[in-house]
>>> print(open('structure-v1.tsv').read())   # TSV, C-alpha atoms and all ligand atoms
chain	number	residue	atom	x	y	z
A	1092	MET	CA	124.30	75.85	86.22
A	1093	ARG	CA	121.70	78.34	85.06
A	1094	VAL	CA	118.85	76.62	83.34
A	1095	ALA	CA	117.28	78.23	80.32
A	1096	GLN	CA	113.53	78.49	80.46
A	1097	PRO	CA	112.14	76.63	77.47
A	1098	VAL	CA	110.76	79.10	74.97
A	1099	ILE	CA	108.51	76.64	73.18
A	1100	GLY	CA	104.88	77.54	72.55
A	1101	ALA	CA	102.00	75.10	72.92
A	1102	GLN	CA	101.43	74.78	69.17
A	1103	THR	CA	105.12	74.20	68.61
A	1104	LEU	CA	105.22	71.59	71.33
A	1105	VAL	CA	102.38	69.68	69.71
A	1106	MET	CA	104.26	69.62	66.41
A	1107	ARG	CA	107.51	68.61	68.09
A	1108	ARG	CA	105.80	65.79	69.97
A	1109	MET	CA	104.16	64.55	66.79
A	1110	PHE	CA	107.48	64.10	65.09
A	1111	ALA	CA	109.95	63.73	67.95
A	1112	ASN	CA	108.58	60.33	68.85
A	1113	GLY	CA	106.74	59.27	65.75
A	1114	GLY	CA	107.64	57.34	62.67
A	1115	GLY	CA	108.52	54.09	64.40
A	1116	SER	CA	111.43	52.94	66.51
A	1117	VAL	CA	115.10	53.16	65.64
A	1118	ASN	CA	114.95	49.58	64.51
A	1119	GLN	CA	112.51	50.43	61.76
A	1120	SER	CA	113.20	52.34	58.55
A	1121	ARG	CA	111.26	55.57	58.38
A	1122	PRO	CA	109.14	56.52	55.40
A	1123	VAL	CA	110.14	59.46	53.22
A	1124	TRP	CA	107.14	61.48	54.38
A	1125	PHE	CA	108.41	61.26	57.93
A	1126	THR	CA	111.87	62.53	57.05
A	1127	ILE	CA	110.36	65.46	55.11
A	1128	ALA	CA	107.94	66.25	57.90
A	1129	GLN	CA	110.72	66.06	60.46
A	1130	SER	CA	112.86	68.44	58.43
A	1131	MET	CA	109.95	70.89	58.21
A	1132	CYS	CA	109.38	70.56	61.93
A	1133	ASN	CA	113.02	71.26	62.70
A	1134	PHE	CA	112.88	74.29	60.39
A	1135	ILE	CA	109.68	75.71	61.87
A	1136	ALA	CA	110.35	74.73	65.48
A	1137	PRO	CA	114.07	74.03	65.89
A	1138	PRO	CA	115.24	72.28	69.05
A	1139	VAL	CA	116.25	74.59	71.92
A	1140	CYS	CA	118.94	73.59	74.44
A	1141	VAL	CA	117.29	73.09	77.82
A	1142	LEU	CA	120.49	74.07	79.64
A	1143	CYS	CA	121.74	77.21	77.90
A	1144	GLY	CA	118.89	78.23	75.61
A	1145	GLY	CA	121.08	77.94	72.50
A	1146	ALA	CA	120.28	75.96	69.38
A	1147	GLY	CA	119.62	72.28	69.97
A	1148	GLN	CA	120.63	69.49	67.63
A	1149	THR	CA	118.58	68.78	64.52
A	1150	ALA	CA	120.62	65.84	63.28
A	1151	GLU	CA	119.91	63.40	66.10
A	1152	GLY	CA	118.84	60.56	63.85
A	1153	CYS	CA	115.51	61.69	62.50
A	1154	TRP	CA	114.51	63.73	65.52
A	1155	GLY	CA	115.82	66.83	67.19
A	1156	LEU	CA	117.48	67.00	70.58
A	1157	ASP	CA	116.85	69.88	72.97
A	1158	LEU	CA	120.50	69.98	74.02
A	1159	CYS	CA	123.30	71.79	72.20
A	1160	ARG	CA	126.58	70.07	71.37
A	1161	TYR	CA	128.49	72.20	73.90
A	1162	CYS	CA	126.20	71.28	76.78
A	1163	GLU	CA	126.20	67.64	75.69
A	1164	ALA	CA	130.01	67.70	75.74
A	1165	ALA	CA	129.86	69.24	79.23
A	1166	CYS	CA	127.64	66.35	80.35
A	1167	GLU	CA	130.15	63.88	78.90
A	1168	ARG	CA	132.93	65.60	80.88
A	1169	ALA	CA	130.91	65.78	84.09
A	1170	GLY	CA	132.72	64.16	87.00
A	1171	ARG	CA	135.56	63.04	84.77
A	1172	GLY	CA	138.27	61.55	86.93
A	1173	ALA	CA	135.86	60.85	89.77
A	1174	SER	CA	136.18	57.50	91.46
A	1175	MET	CA	133.26	55.26	90.56
A	1176	PRO	CA	131.90	52.53	92.80
A	1177	GLY	CA	133.49	49.24	91.93
A	1178	SER	CA	131.37	46.73	90.09
A	1179	SER	CA	130.35	43.85	92.27
A	1180	THR	CA	129.82	40.32	91.13
A	1181	HIS	CA	127.35	39.84	93.98
A	1182	THR	CA	124.58	42.07	92.65
A	1183	PRO	CA	121.40	40.30	91.55
A	1184	PHE	CA	121.23	42.35	88.33
A	1185	ALA	CA	123.34	41.22	85.41
A	1186	SER	CA	124.84	44.54	84.30
A	1187	THR	CA	124.74	48.30	84.83
A	1188	LEU	CA	124.72	50.92	82.09
A	1189	ALA	CA	125.10	54.53	83.28
A	1190	LEU	CA	124.71	57.41	80.84
A	1191	TYR	CA	126.68	59.95	82.89
A	1192	ILE	CA	128.30	60.62	86.23
A	1193	TYR	CA	126.08	62.64	88.55
A	1194	ALA	CA	127.92	65.98	88.51
A	1195	ASP	CA	127.36	69.47	87.10
A	1196	PRO	CA	125.60	69.95	84.64
A	1197	VAL	CA	124.07	66.45	84.63
A	1198	ASP	CA	122.60	67.09	88.08
A	1199	THR	CA	120.80	70.10	86.61
A	1200	LEU	CA	119.18	67.95	83.93
A	1201	ILE	CA	117.88	65.53	86.52
A	1202	THR	CA	116.79	67.95	89.25
A	1203	SER	CA	115.07	70.19	86.71
A	1204	LEU	CA	112.97	67.23	85.61
A	1205	LYS	CA	112.35	65.98	89.13
A	1206	PHE	CA	111.58	69.24	90.88
A	1207	GLY	CA	111.09	71.70	88.01
A	1208	ARG	CA	108.63	69.37	86.28
A	1209	GLU	CA	109.95	70.24	82.85
A	1210	PRO	CA	109.01	67.43	80.43
A	1211	ALA	CA	111.67	68.53	77.94
A	1212	PHE	CA	114.34	67.22	80.33
A	1213	ALA	CA	112.81	63.73	80.26
A	1214	ARG	CA	112.89	63.80	76.46
A	1215	VAL	CA	116.56	64.80	76.46
A	1216	LEU	CA	117.57	62.19	79.04
A	1217	GLY	CA	115.49	59.46	77.43
A	1218	THR	CA	116.93	60.20	73.98
A	1219	LEU	CA	120.52	60.25	75.21
A	1220	LEU	CA	120.05	57.06	77.20
A	1221	ALA	CA	118.62	55.31	74.14
A	1222	ARG	CA	121.58	56.50	72.10
A	1223	ARG	CA	123.99	55.13	74.72
A	1224	VAL	CA	122.20	51.78	74.78
A	1225	ARG	CA	122.34	51.55	70.99
A	1226	ALA	CA	126.08	52.29	71.07
A	1227	ALA	CA	126.66	49.67	73.77
A	1228	ALA	CA	124.50	47.15	71.84
A	1229	PRO	CA	124.07	44.88	74.85
A	1230	LEU	CA	123.54	41.20	74.14
A	1231	PRO	CA	121.17	39.73	74.97
A	1232	PHE	CA	118.89	42.73	74.49
A	1233	PRO	CA	116.07	43.27	77.02
A	1234	GLU	CA	112.49	42.56	76.01
A	1235	ALA	CA	111.00	45.44	78.01
A	1236	ILE	CA	111.81	48.41	80.23
A	1237	VAL	CA	110.62	48.54	83.85
A	1238	PRO	CA	110.95	51.99	85.46
A	1239	VAL	CA	111.71	52.08	89.19
A	1240	PRO	CA	108.38	52.97	90.81
A	1241	LEU	CA	107.65	55.65	93.41
A	1242	HIS	CA	105.53	54.93	96.45
A	1243	ARG	CA	101.95	56.09	96.00
A	1244	ASP	CA	102.38	58.88	98.56
A	1245	ARG	CA	105.50	60.20	96.81
A	1246	LEU	CA	103.72	59.96	93.47
A	1247	ILE	CA	100.85	62.05	94.79
A	1248	GLU	CA	103.28	64.62	96.19
A	1249	ARG	CA	105.30	64.94	93.00
A	1250	GLY	CA	102.54	64.32	90.51
A	1251	PHE	CA	104.63	62.12	88.25
A	1252	ASN	CA	107.40	59.54	88.26
A	1253	GLN	CA	110.48	60.91	86.51
A	1254	SER	CA	111.77	57.41	85.73
A	1255	VAL	CA	108.52	56.54	83.93
A	1256	ARG	CA	108.78	59.69	81.81
A	1257	ILE	CA	112.38	58.98	80.86
A	1258	ALA	CA	111.56	55.33	80.19
A	1259	HIS	CA	108.84	56.19	77.68
A	1260	HIS	CA	111.24	58.27	75.60
A	1261	THR	CA	113.99	55.63	75.77
A	1262	ALA	CA	111.57	52.85	74.93
A	1263	LYS	CA	110.11	54.63	71.90
A	1264	ARG	CA	113.55	55.09	70.45
A	1265	LEU	CA	114.56	51.49	71.08
A	1266	GLY	CA	111.27	49.94	70.03
A	1267	LEU	CA	110.65	48.37	73.44
A	1268	PRO	CA	107.51	48.26	75.60
A	1269	VAL	CA	107.40	49.93	79.01
A	1270	VAL	CA	105.81	47.79	81.72
A	1271	PRO	CA	105.59	49.92	84.88
A	1272	GLN	CA	102.82	47.70	86.23
A	1273	LEU	CA	105.33	44.87	86.72
A	1274	LEU	CA	106.82	46.49	89.82
A	1275	ARG	CA	105.42	48.53	92.69
A	1276	ARG	CA	106.58	50.00	95.96
A	1277	ALA	CA	105.14	47.94	98.79
A	1278	ARG	CA	105.99	50.51	101.44
A	1279	ARG	CA	107.42	53.98	101.76
A	1280	THR	CA	111.14	54.09	102.55
A	1281	LYS	CA	113.54	56.75	103.78
A	1282	ALA	CA	115.97	58.43	101.37
A	1283	GLN	CA	119.09	56.26	101.18
A	1284	SER	CA	121.38	59.31	101.07
A	1285	GLY	CA	120.76	60.26	104.70
A	1286	LEU	CA	121.25	56.82	106.23
A	1287	SER	CA	124.19	54.92	107.68
A	1288	ALA	CA	125.50	51.84	105.89
A	1289	ALA	CA	123.66	49.57	108.32
A	1290	GLU	CA	120.40	51.50	107.92
A	1291	ARG	CA	120.73	51.47	104.15
A	1292	ALA	CA	121.08	47.71	104.17
A	1293	THR	CA	117.69	47.23	105.82
A	1294	ASN	CA	115.80	50.33	104.62
A	1295	LEU	CA	114.79	48.69	101.37
A	1296	ASP	CA	113.96	45.22	102.69
A	1297	HIS	CA	110.74	44.10	100.97
A	1298	ALA	CA	110.28	47.64	99.65
A	1299	PHE	CA	109.26	46.35	96.21
A	1300	GLU	CA	106.72	43.85	94.99
A	1301	SER	CA	106.51	42.42	91.52
A	1302	VAL	CA	103.21	41.33	90.07
A	1303	ARG	CA	103.39	37.96	88.34
A	1304	ARG	CA	101.63	38.10	84.99
A	1305	SER	CA	100.56	35.43	82.56
A	1306	ARG	CA	103.24	36.55	80.10
A	1307	MET	CA	106.26	37.67	82.09
A	1308	PRO	CA	109.19	39.05	80.09
A	1309	ARG	CA	112.24	36.90	80.68
A	1310	HIS	CA	114.71	39.78	80.38
A	1311	VAL	CA	114.05	43.39	81.38
A	1312	ALA	CA	115.97	46.64	81.78
A	1313	LEU	CA	115.29	48.32	85.11
A	1314	LEU	CA	115.44	52.08	84.50
A	1315	ASP	CA	116.14	54.72	87.16
A	1316	ASP	CA	117.20	58.36	86.97
A	1317	VAL	CA	120.10	58.11	89.43
A	1318	MET	CA	121.96	55.22	91.01
A	1319	THR	CA	123.60	56.04	94.32
A	1320	THR	CA	124.33	53.03	96.50
A	1321	GLY	CA	122.78	50.52	94.15
A	1322	ASN	CA	120.59	49.21	96.97
A	1323	THR	CA	117.39	50.37	95.27
A	1324	ALA	CA	118.30	48.56	92.06
A	1325	GLN	CA	119.16	45.44	94.04
A	1326	ALA	CA	115.88	45.41	95.95
A	1327	ALA	CA	113.84	46.02	92.79
A	1328	THR	CA	115.77	43.35	90.92
A	1329	LEU	CA	115.16	40.76	93.64
A	1330	ALA	CA	111.43	41.45	93.44
A	1331	LEU	CA	111.42	41.01	89.66
A	1332	LEU	CA	113.44	37.80	89.84
A	1333	SER	CA	111.10	36.39	92.47
A	1334	ALA	CA	108.17	36.98	90.12
A	1335	GLY	CA	109.73	35.02	87.29
A	1336	VAL	CA	111.94	37.46	85.38
A	1337	GLU	CA	115.15	35.62	84.52
A	1338	ARG	CA	117.52	38.52	83.88
A	1339	VAL	CA	117.58	42.18	84.91
A	1340	ASP	CA	119.97	44.81	83.50
A	1341	VAL	CA	120.06	48.24	85.11
A	1342	TRP	CA	120.00	51.42	83.01
A	1343	VAL	CA	120.46	54.76	84.77
A	1344	CYS	CA	120.86	58.33	83.57
A	1345	ALA	CA	123.54	59.07	86.13
A	1346	ARG	CA	125.58	57.29	88.73
A	1347	THR	CA	127.02	59.08	91.73
A	1348	PRO	CA	130.79	58.85	92.17
A	1349	ARG	CA	132.25	57.14	95.19
A	1350	ASN	CA	132.35	59.38	98.26
A	1351	PRO	CA	135.92	60.41	99.25
B	1401	ZN	ZN	123.44	74.30	75.59
>>> encode(input="structure-v1.tsv", output="structure tokens", more="lines below")
Ligand SMILES: [Zn+2]
Amino acid sequence: MRVAQPVIGAQTLVMRRMFANGGGSVNQSRPVWFTIAQSMCNFIAPPVCVLCGGAGQTAEGCWGLDLCRYCEAACERAGRGASMPGSSTHTPFASTLALYIYADPVDTLITSLKFGREPAFARVLGTLLARRVRAAAPLPFPEAIVPVPLHRDRLIERGFNQSVRIAHHTAKRLGLPVVPQLLRRARRTKAQSGLSAAERATNLDHAFESVRRSRMPRHVALLDDVMTTGNTAQAATLALLSAGVERVDVWVCARTPRNP
């Protein structure tokens, strides 16, 4: 899918950032001044769809969304009918919440963030994921969000961790803290997608370490951009549990369908 180049100037971006994330979390009532300021912001700098360049949505709660309704509907339809991996009762995490299936145009949203380094895509994904979590209203609700970390070498190569960026937008909208320092990659691993089943099973052994802190959250949401085999989420969850976290739920922007 062709990706529209964001046509947002620096001054406009500053205004949008001031009001897109401000005014408190979704669990707090917003003051009148915020609603007025947000309306002015949407009038002066209306949201622009990151996929088609059309008009974004101004009525996403009290903030705009840089995704038009047509492209959002296309994301909802992505991969419809695809066979999803069956849920296993043997995973160490308690539940999985996936925003979309990893198919066109959802893959464009994620790869444009990952390799195109466009921060607007993180804002869109983080906002939509928060909306999905609110709709699902999981109980019990996590105390914090832990993004899946990159190895230091990969972080230096890419310059940022896409899961951290998405997590900050989701967390702001849900009123949760982000605690990336709770989990780190202990060693660099190969990409799971190119490995056999046997290699996948051992590739992530001891790949993560969790740092025990004086005040460990008992229940966290582990956030990743894409879930493929689920092995990464399992390895990260085991590290968190070993450090004292009692429950881990997994939130992902997209989940790949089962291979035919
Ligand atoms: Zn669009």
>>> residues_near_ligand(input="structure-v1.tsv", ligand="ligand ZN 1401 (chain B)", cutoff="10 Å", atoms="all atoms listed in the file", output="PDB file with C-alpha atoms, keeping the file's coordinate frame")
ATOM      1  CA  VAL A1094     118.850  76.620  83.340  1.00  0.00           C
ATOM      2  CA  ALA A1095     117.280  78.230  80.320  1.00  0.00           C
ATOM      3  CA  VAL A1139     116.250  74.590  71.920  1.00  0.00           C
ATOM      4  CA  CYS A1140     118.940  73.590  74.440  1.00  0.00           C
ATOM      5  CA  VAL A1141     117.290  73.090  77.820  1.00  0.00           C
ATOM      6  CA  LEU A1142     120.490  74.070  79.640  1.00  0.00           C
ATOM      7  CA  CYS A1143     121.740  77.210  77.900  1.00  0.00           C
ATOM      8  CA  GLY A1144     118.890  78.230  75.610  1.00  0.00           C
ATOM      9  CA  GLY A1145     121.080  77.940  72.500  1.00  0.00           C
ATOM     10  CA  ALA A1146     120.280  75.960  69.380  1.00  0.00           C
ATOM     11  CA  GLY A1147     119.620  72.280  69.970  1.00  0.00           C
ATOM     12  CA  GLN A1148     120.630  69.490  67.630  1.00  0.00           C
ATOM     13  CA  ASP A1157     116.850  69.880  72.970  1.00  0.00           C
ATOM     14  CA  LEU A1158     120.500  69.980  74.020  1.00  0.00           C
ATOM     15  CA  CYS A1159     123.300  71.790  72.200  1.00  0.00           C
ATOM     16  CA  ARG A1160     126.580  70.070  71.370  1.00  0.00           C
ATOM     17  CA  TYR A1161     128.490  72.200  73.900  1.00  0.00           C
ATOM     18  CA  CYS A1162     126.200  71.280  76.780  1.00  0.00           C
ATOM     19  CA  GLU A1163     126.200  67.640  75.690  1.00  0.00           C
ATOM     20  CA  ALA A1164     130.010  67.700  75.740  1.00  0.00           C
ATOM     21  CA  ALA A1165     129.860  69.240  79.230  1.00  0.00           C
TER      22      ALA A1165
END
>>> residues_around(input="structure-v1.tsv", residues="Tyr1191 (chain A)", least_positions_apart="5", cutoff="9 Å", atoms="all atoms listed in the file", output="list in words")
Cys1166, Glu1167, Arg1168, Ala1169, Gly1170, Val1197, Val1343, Cys1344, Ala1345, Arg1346 and Thr1347 of chain A
>>> atom_distance(input="structure-v1.tsv", atom1="CA of Gly1335 (chain A)", atom2="CA of Glu1300 (chain A)")
12.1 Å
>>> residues_around(input="structure-v1.tsv", residues="His1242 (chain A)", least_positions_apart="3", cutoff="9 Å", atoms="all atoms listed in the file", output="VMD selection string")
chain A and resid 1245 to 1247 1275 to 1280
>>> atom_distance(input="structure-v1.tsv", atom1="CA of Ala1312 (chain A)", atom2="CA of Tyr1193 (chain A)")
20.1 Å
>>> closest_residue(input="structure-v1.tsv", among="A:Leu1329, A:Val1215, A:Leu1204, A:Val1341", to="Pro1138 (chain A)", atoms="all atoms listed in the file")
A:Val1215
>>> residues_near_point(input="structure-v1.tsv", point="(121.7, 40.6, 76.2)", cutoff="12 Å", atoms="all atoms listed in the file", output="number ranges by chain")
A: 1185-1187, 1224, 1227-1235, 1309-1312, 1337-1341
>>> closest_residue(input="structure-v1.tsv", among="A:Ala1288, A:Val1123, A:Gln1325, A:Arg1223", to="Leu1188 (chain A)", atoms="only C-alpha atoms")
A:Arg1223
>>> axis_aligned_box(input="structure-v1.tsv", around="region 1252-1264 of chain A", padding_each_side="3 Å", output="lines of an AutoDock Vina configuration file")
center_x = 110.7
center_y = 56.9
center_z = 79.4
size_x = 12.6
size_y = 14.1
size_z = 23.8
>>> atom_distance(input="structure-v1.tsv", atom1="CA of Pro1122 (chain A)", atom2="CA of Ala1226 (chain A)")
23.5 Å
>>> build_atoms(input="structure-v1.tsv", residues="region 1272-1283 of chain A", atoms="all heavy atoms", output="short mmCIF file (atom, residue, chain, number, x, y, z; two decimals), in the coordinates of the input")
data_model
loop_
_atom_site.label_atom_id
_atom_site.label_comp_id
_atom_site.auth_asym_id
_atom_site.auth_seq_id
_atom_site.Cartn_x
_atom_site.Cartn_y
_atom_site.Cartn_z
N GLN A 1272 103.71 48.45 85.35
CA GLN A 1272 102.82 47.70 86.23
C GLN A 1272 103.47 46.42 86.77
O GLN A 1272 102.90 45.75 87.63
CB GLN A 1272 101.51 47.37 85.51
CG GLN A 1272 101.64 46.46 84.32
CD GLN A 1272 101.98 47.21 83.03
OE1 GLN A 1272 102.52 48.30 83.07
NE2 GLN A 1272 101.66 46.61 81.90
N LEU A 1273 104.66 46.09 86.29
CA LEU A 1273 105.33 44.87 86.72
C LEU A 1273 105.92 45.01 88.12
O LEU A 1273 106.20 44.01 88.79
CB LEU A 1273 106.45 44.54 85.74
CG LEU A 1273 106.76 43.07 85.47
CD1 LEU A 1273 105.54 42.36 84.95
CD2 LEU A 1273 107.91 42.95 84.49
N LEU A 1274 106.12 46.26 88.55
CA LEU A 1274 106.82 46.49 89.82
C LEU A 1274 106.12 47.61 90.57
O LEU A 1274 105.73 48.62 89.97
CB LEU A 1274 108.27 46.90 89.51
CG LEU A 1274 109.29 46.93 90.64
CD1 LEU A 1274 109.54 45.53 91.20
CD2 LEU A 1274 110.61 47.52 90.12
N ARG A 1275 105.99 47.45 91.90
CA ARG A 1275 105.42 48.53 92.69
C ARG A 1275 106.11 48.62 94.04
O ARG A 1275 106.71 47.64 94.51
CB ARG A 1275 103.91 48.35 92.85
CG ARG A 1275 103.50 47.25 93.81
CD ARG A 1275 102.00 47.19 93.96
NE ARG A 1275 101.60 46.34 95.09
CZ ARG A 1275 101.40 46.79 96.32
NH1 ARG A 1275 101.53 48.08 96.58
NH2 ARG A 1275 101.07 45.97 97.28
N ARG A 1276 106.02 49.80 94.62
CA ARG A 1276 106.58 50.00 95.96
C ARG A 1276 105.58 49.47 96.98
O ARG A 1276 104.44 49.92 97.04
CB ARG A 1276 106.80 51.49 96.22
CG ARG A 1276 107.94 52.07 95.42
CD ARG A 1276 109.15 52.30 96.30
NE ARG A 1276 110.20 52.94 95.53
CZ ARG A 1276 111.39 53.24 96.02
NH1 ARG A 1276 111.68 52.95 97.27
NH2 ARG A 1276 112.29 53.82 95.27
N ALA A 1277 106.03 48.52 97.79
CA ALA A 1277 105.14 47.94 98.79
C ALA A 1277 105.01 48.83 100.00
O ALA A 1277 104.01 48.79 100.71
CB ALA A 1277 105.66 46.57 99.20
N ARG A 1278 106.04 49.61 100.28
CA ARG A 1278 105.99 50.51 101.44
C ARG A 1278 106.88 51.71 101.17
O ARG A 1278 107.76 51.67 100.31
CB ARG A 1278 106.44 49.80 102.71
CG ARG A 1278 107.85 49.28 102.67
CD ARG A 1278 108.20 48.53 103.93
NE ARG A 1278 109.56 48.01 103.88
CZ ARG A 1278 110.64 48.72 104.18
NH1 ARG A 1278 110.51 49.99 104.55
NH2 ARG A 1278 111.84 48.19 104.10
N ARG A 1279 106.62 52.78 101.93
CA ARG A 1279 107.42 53.98 101.76
C ARG A 1279 108.73 53.83 102.52
O ARG A 1279 108.73 53.32 103.65
CB ARG A 1279 106.65 55.20 102.28
CG ARG A 1279 107.32 56.51 101.95
CD ARG A 1279 106.41 57.69 102.07
NE ARG A 1279 107.08 58.90 101.60
CZ ARG A 1279 106.48 60.04 101.38
NH1 ARG A 1279 105.18 60.15 101.58
NH2 ARG A 1279 107.16 61.08 100.96
N THR A 1280 109.82 54.24 101.92
CA THR A 1280 111.14 54.09 102.55
C THR A 1280 111.78 55.46 102.73
O THR A 1280 111.37 56.45 102.11
CB THR A 1280 112.05 53.23 101.66
OG1 THR A 1280 112.10 53.80 100.35
CG2 THR A 1280 111.54 51.81 101.57
N LYS A 1281 112.80 55.50 103.58
CA LYS A 1281 113.54 56.75 103.78
C LYS A 1281 114.53 56.92 102.62
O LYS A 1281 114.91 55.95 101.97
CB LYS A 1281 114.31 56.69 105.10
CG LYS A 1281 113.43 56.57 106.33
CD LYS A 1281 114.27 56.41 107.58
CE LYS A 1281 113.40 56.19 108.80
NZ LYS A 1281 114.19 55.86 110.01
N ALA A 1282 114.96 58.17 102.40
CA ALA A 1282 115.97 58.43 101.37
C ALA A 1282 117.27 57.76 101.78
O ALA A 1282 117.74 57.93 102.91
CB ALA A 1282 116.17 59.93 101.20
N GLN A 1283 117.86 56.99 100.87
CA GLN A 1283 119.09 56.26 101.18
C GLN A 1283 120.24 57.20 101.52
O GLN A 1283 121.11 56.86 102.31
CB GLN A 1283 119.49 55.41 99.96
CG GLN A 1283 118.60 54.22 99.71
CD GLN A 1283 118.79 53.10 100.73
OE1 GLN A 1283 118.06 53.02 101.72
NE2 GLN A 1283 119.77 52.26 100.50
#
